[in-house]
Structures are given as structure tokens and as C-alpha cells.
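Working notes, structure below.
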Amino acid sequence: MTMPLEIVTLPCLSDNYAFLLHNAATGQTALVDAPEAEAIKSELDRRGWGLDQILLTYHHWDHIDGVADLRASYDCQIVGARADAHRLPDLDLAVAEGETFSCLGEEVHVLDVSGHTLCHIAFHLPASSAVFTADSLMALGCGRLFEGTADQMWQSLQKLAALPRDTTVYSGHEYTQSNARFALTIDPDNPALQQRCAAIDADRAEGRPTVPSRLQEELDTNPFLRAHLDSVKDALGMGGAPATKVFAEIRARKDKF
């Protein structure tokens, strides 16, 4: 039986995360997103790891800026969305929703999670119970709608919500404390959210990351995943409204928060 991959959460820039995936049996290493090269190279050197593959979720500079330097240093394979290839570094493997590919010997399932941008993808690794969501589903939040619509983002979040509930969600930024303050304005009587907010404050006070999180935790506390619930609709004065409209209202409120 294949062991799950070792996954390292790596802070980059001011509030980004990249993720190193390592197969101890083969010694191979992959990276999800490349906000910058130096922090990633330093961690690889510290651990004595090379770099065999980079998986890109989408095209914003703070997810791809380190690719050229890393490719030059490690001659690694670059994987990204076929539909977004014109905005990504040159891809060695172009993928789309419904396709699978191998990362360090583990099968990866590709999900289209458009909303924050068009052609944003997520990578689900069932054997490691992990999903890499970047700026689609985030810890207690979701990405701002720069290119997609509220309906697209809601549908993307439903795909992620349907994954096994013990899946670990690796998202792209340390925005959780701000997200928590906003979540309390939407769902203030949720005891699970209250407890999580207190834990987040404690973690940040000690400089600990709040990423990754568990999908079950997001389902219990993330207002962007809870727009279909009567309790949330009622709290917003939107009883009976479709979930997509409730989601759009929550997103609009967050944009002004």
C-alpha cells in the first residue's frame, strides 16, 4: 500500500503559501504554486531535496513568479491548466477538469474551480486525502471574484464540498484571521465558528499558520460554503432565496468588509 505523501506548508512573500510534496520512498519532490523562488530553494536545500514537478493552480503572479528560476535550477516538469496556458509559464503537461495525471507516483484529479479567475484549477490527491485549492476555497473564505461570476464560484465550491470530509484543504494565503472576523458577522451564533475563531487568534498570536484546514471544519464554519442553509439565509434576511444569491450577497459583503 502506497504511503501518503509528506506535505510541507511553506510561507512565501508576505502572506502566500506554497506546498512541497515529497515521496520518501523515491526521494522525489513536487511543488504546488511558486510565489517566489528563494524561499522555496532555501527549504529544498535545507531538506536535501531536489524538485521534479511544479503544479500551478492559476496565473496570478504571486502563484507563478518563481517558476522560471526554479525550472532553470531543477529542470522540473511544469503542470497547469490547458485553458489558461496562454497566461501561464510554458507547460510540459497541460490538464483539464476530469483528467488525471501522476505526481510522485500518486494519482491527481483535476478540478475546474473558476470564480476567482477563469480557468483556475484545483488538484485533488485522494490517496493523501489532500486538495490544493489556492484562491478558490480558502480557510474560512473564498477568493474575490476577479473574472468569474458568483454562480461559477458557488458551483466550484460545491465540487470541493463534495470531496471526502476528512480531506485536508491546502489554500493559498494567510487570510484566515480576517476571514474569521467577517464570518462572525454572517454566522455569529455558530458555536463551531466561535471556537475556531478563538483557536485562530491563538495560532496567529504564536506565529503559527492557519493553513491547511480540514474540509469538515470548512463545512461547519466557512460562510461561503453555508449559503444554502436556512439559518444563514435567515440571518441575512434572505429566507427562501436560492443559494447562489445568498452566496453572492455574502461575497459582496466580504468585498466591503
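Residues in the C-alpha cells are numbered from 1 in each chain, the chains being A, B, ... in the order shown, and ligands are numbered from 1 in the order shown.
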
Residues near Thr26 (chain A), cut-off 12 Å, only C-alpha atoms, skip fewer than 2 positions along chain, as an mmCIF file with N, CA and C atoms, in the first residue's frame:
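Writing done, so here's result01.cif:
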data_model
loop_
_atom_site.group_PDB
_atom_site.id
_atom_site.type_symbol
_atom_site.label_atom_id
_atom_site.label_comp_id
_atom_site.auth_asym_id
_atom_site.auth_seq_id
_atom_site.Cartn_x
_atom_site.Cartn_y
_atom_site.Cartn_z
ATOM 1 N N THR A 2 0.593 2.192 -0.892
ATOM 2 C CA THR A 2 1.385 3.402 -1.003
ATOM 3 C C THR A 2 1.133 4.315 0.192
ATOM 4 N N MET A 3 2.212 4.831 0.775
ATOM 5 C CA MET A 3 2.070 5.763 1.885
ATOM 6 C C MET A 3 1.703 7.137 1.355
ATOM 7 N N LEU A 5 1.847 11.076 0.706
ATOM 8 C CA LEU A 5 2.997 11.945 0.520
ATOM 9 C C LEU A 5 3.200 12.840 1.744
ATOM 10 N N GLU A 6 4.449 13.169 2.028
ATOM 11 C CA GLU A 6 4.738 14.195 3.024
ATOM 12 C C GLU A 6 4.451 15.552 2.394
ATOM 13 N N LEU A 21 5.590 18.651 -1.791
ATOM 14 C CA LEU A 21 5.129 17.275 -1.660
ATOM 15 C C LEU A 21 6.338 16.374 -1.859
ATOM 16 N N HIS A 22 6.509 15.407 -0.966
ATOM 17 C CA HIS A 22 7.711 14.573 -1.023
ATOM 18 C C HIS A 22 7.347 13.106 -0.875
ATOM 19 N N ASN A 23 7.906 12.292 -1.757
ATOM 20 C CA ASN A 23 7.761 10.844 -1.687
ATOM 21 C C ASN A 23 9.049 10.282 -1.084
ATOM 22 N N ALA A 24 8.967 9.863 0.171
ATOM 23 C CA ALA A 24 10.170 9.396 0.867
ATOM 24 C C ALA A 24 10.740 8.139 0.229
ATOM 25 N N GLN A 28 11.612 11.770 -4.563
ATOM 26 C CA GLN A 28 11.157 12.816 -5.469
ATOM 27 C C GLN A 28 10.307 13.848 -4.732
ATOM 28 N N THR A 29 10.314 15.061 -5.278
ATOM 29 C CA THR A 29 9.606 16.179 -4.659
ATOM 30 C C THR A 29 8.860 16.974 -5.723
ATOM 31 N N ALA A 30 7.666 17.437 -5.364
ATOM 32 C CA ALA A 30 6.879 18.325 -6.214
ATOM 33 C C ALA A 30 6.516 19.574 -5.418
ATOM 34 N N TRP A 49 16.444 18.091 -0.668
ATOM 35 C CA TRP A 49 15.541 17.611 -1.705
ATOM 36 C C TRP A 49 15.825 18.305 -3.033
ATOM 37 N N GLY A 50 15.557 17.616 -4.126
ATOM 38 C CA GLY A 50 15.517 18.244 -5.434
ATOM 39 C C GLY A 50 14.105 18.726 -5.713
ATOM 40 N N ASP A 52 11.156 17.942 -8.821
ATOM 41 C CA ASP A 52 10.849 17.196 -10.038
ATOM 42 C C ASP A 52 9.636 17.716 -10.797
ATOM 43 N N CYS A 103 1.598 12.444 -9.908
ATOM 44 C CA CYS A 103 2.516 13.305 -9.166
ATOM 45 C C CYS A 103 3.237 12.442 -8.142
ATOM 46 N N LEU A 104 4.518 12.228 -8.361
ATOM 47 C CA LEU A 104 5.339 11.429 -7.436
ATOM 48 C C LEU A 104 4.762 10.036 -7.234
ATOM 49 N N GLY A 105 4.135 9.500 -8.279
ATOM 50 C CA GLY A 105 3.560 8.174 -8.206
ATOM 51 C C GLY A 105 2.144 8.129 -7.692
ATOM 52 N N GLU A 106 1.568 9.279 -7.344
ATOM 53 C CA GLU A 106 0.192 9.331 -6.846
ATOM 54 C C GLU A 106 -0.715 9.964 -7.895
#

Can you list, as a list in words, every protein, DNA or RNA residue that comes within 10 Å of Glu43 (chain A) when you count only C-alpha atoms, leaving out same-chain residues fewer than 5 positions away?
Val8, Leu10, Leu20, Glu38, Gly48 and Trp49 of chain A

Would you write out, as a tab-separated table, a table of all residues in region 129-169 of chain A that have an atom no more than 9 Å from an atom of region 201-224 of chain A, listing for each the closest atom pair and the distance in Å to one decimal, considering only C-alpha atoms and ordering rows by chain and rising residue number?
residue	atom	partner	partner_atom	distance
A:Leu137	CA	A:Phe224	CA	8.6
A:Met138	CA	A:Val211	CA	8.6
A:Ala139	CA	A:Ser213	CA	6.4
A:Leu140	CA	A:Asn222	CA	4.4
A:Gly141	CA	A:Asn222	CA	6.1
A:Cys142	CA	A:Phe224	CA	6.8
A:Trp154	CA	A:Phe224	CA	8.1
A:Leu157	CA	A:Phe224	CA	8.2
A:Leu160	CA	A:Leu215	CA	8.4
A:Ala161	CA	A:Leu219	CA	7.2
A:Leu163	CA	A:Leu215	CA	8.0
A:Pro164	CA	A:Leu215	CA	7.8
A:Arg165	CA	A:Gln216	CA	4.9
A:Asp166	CA	A:Leu215	CA	6.2
A:Thr167	CA	A:Leu215	CA	5.6
A:Thr168	CA	A:Arg214	CA	4.5
A:Val169	CA	A:Ser213	CA	5.2

Expected file: the selected residues, C-alpha atoms, as a PDB file, in the first residue's frame:
ATOM      1  CA  LEU A 137     -11.837  27.596  -1.331  1.00  0.00           C
ATOM      2  CA  MET A 138      -9.742  29.226   1.377  1.00  0.00           C
ATOM      3  CA  ALA A 139      -9.577  28.816   5.138  1.00  0.00           C
ATOM      4  CA  LEU A 140     -12.864  30.405   6.291  1.00  0.00           C
ATOM      5  CA  GLY A 141     -13.181  32.166   2.946  1.00  0.00           C
ATOM      6  CA  CYS A 142     -13.043  32.101  -0.820  1.00  0.00           C
ATOM      7  CA  TRP A 154     -20.633  28.649  -5.955  1.00  0.00           C
ATOM      8  CA  LEU A 157     -17.201  25.369  -4.111  1.00  0.00           C
ATOM      9  CA  LEU A 160     -14.879  20.886  -3.378  1.00  0.00           C
ATOM     10  CA  ALA A 161     -17.575  20.444  -0.718  1.00  0.00           C
ATOM     11  CA  LEU A 163     -14.923  15.658  -1.540  1.00  0.00           C
ATOM     12  CA  PRO A 164     -14.464  13.324   1.439  1.00  0.00           C
ATOM     13  CA  ARG A 165     -14.895  15.296   4.614  1.00  0.00           C
ATOM     14  CA  ASP A 166     -11.541  14.251   6.048  1.00  0.00           C
ATOM     15  CA  THR A 167      -9.768  15.885   3.087  1.00  0.00           C
ATOM     16  CA  THR A 168      -7.117  18.414   4.079  1.00  0.00           C
ATOM     17  CA  VAL A 169      -7.534  21.730   2.253  1.00  0.00           C
TER      18      VAL A 169
END

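Each of A:Thr57, A:Gln155, A:Gln194, A:Thr149 was compared to Arg251 (chain A) using only C-alpha atoms, and A:Thr149 turns out to be the nearest.
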
Residues flagged alpha helix (DSSP H) by DSSP in region 192-249 of chain A, as a PyMOL selection string
chain A and resi 192-205+215-221+230-235+243-249

Which of these residues is nearest to Ser129 (chain A), using only C-alpha atoms: A:Lys159, A:Phe247, A:Tyr170, A:Ala183?
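Ranked by minimum distance to Ser129 (chain A), first place goes to A:Tyr170.
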
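Counting only C-alpha atoms, the residue from A:Val95, A:Ala192, A:Leu184, A:Ala134 that sits nearest to Gly172 (chain A) is A:Ala134.
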
Please report, as a ChimeraX atom specification, each residue of region 113-233 of chain A to which DSSP assigns strand (DSSP E or B) when run on this structure's backbone.
/A:121-125,130-134,137-138,141-142,168-171,173,213-214

Interatomic distance, CA of Leu51 (chain A) to CA of Thr117 (chain A) (Å, one decimal):
27.4 Å

Grab the CA of Ile121 (chain A) to CA of Glu174 (chain A) distance for me, in Å with one decimal place.
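Those two atoms sit 19.4 Å apart.
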
Would you mind listing what lies within 8 Å of Ala96 (chain A) as a list in words, with only C-alpha atoms counted and same-chain residues fewer than 3 positions away left out?
Ala81, Arg82, Ala83, Glu99, Val110, Leu111, Asp112 and Ile121 of chain A

Please measure the separation of CA of Leu31 (chain A) and CA of Leu56 (chain A), giving the value in Å to one decimal.
8.5 Å

A:Ile78, A:Ser171, A:Asp151, A:Glu249: which is nearest Leu93 (chain A), counting only C-alpha atoms?
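Using only C-alpha atoms, the shortest distance to Leu93 (chain A) belongs to A:Ile78.
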
Pick out the residues sitting within 9 Å of His60 (chain A), and hand them over as number ranges by chain; count only C-alpha atoms, and ignore anything fewer than 3 positions along from it in its own chain.
A: 63-65, 87-88, 117

With a cut-off of 10 Å, could you pull out the residues of region 90-130 of chain A touching region 69-77 of chain A and give me the nearest pair of atoms for each, distance in Å to one decimal, using only C-alpha atoms, ordered by chain and ascending number, as a tab-separated table?
residue	atom	partner	partner_atom	distance
A:Asp90	CA	A:Gln77	CA	9.9
A:Leu91	CA	A:Gln77	CA	7.8
A:Asp92	CA	A:Gln77	CA	5.8
A:Leu93	CA	A:Gln77	CA	7.5

List as a PyMOL selection string the protein and nucleic acid residues near Arg144 (chain A), meaning an atom at most 8 Å away when only C-alpha atoms are counted, but skip any in the same chain fewer than 4 places from it.
chain A and resi 115-116+251+255

Next, write the just-selected residues to a file, as an mmCIF file, in the first residue's frame, keeping C-alpha atoms as the atom set.
data_model
loop_
_atom_site.group_PDB
_atom_site.id
_atom_site.type_symbol
_atom_site.label_atom_id
_atom_site.label_comp_id
_atom_site.auth_asym_id
_atom_site.auth_seq_id
_atom_site.Cartn_x
_atom_site.Cartn_y
_atom_site.Cartn_z
ATOM 1 C CA GLY A 115 -14.579 32.047 -9.972
ATOM 2 C CA HIS A 116 -11.631 33.978 -8.561
ATOM 3 C CA ARG A 251 -19.271 37.721 -1.238
ATOM 4 C CA ASP A 255 -15.667 42.782 -0.547
#
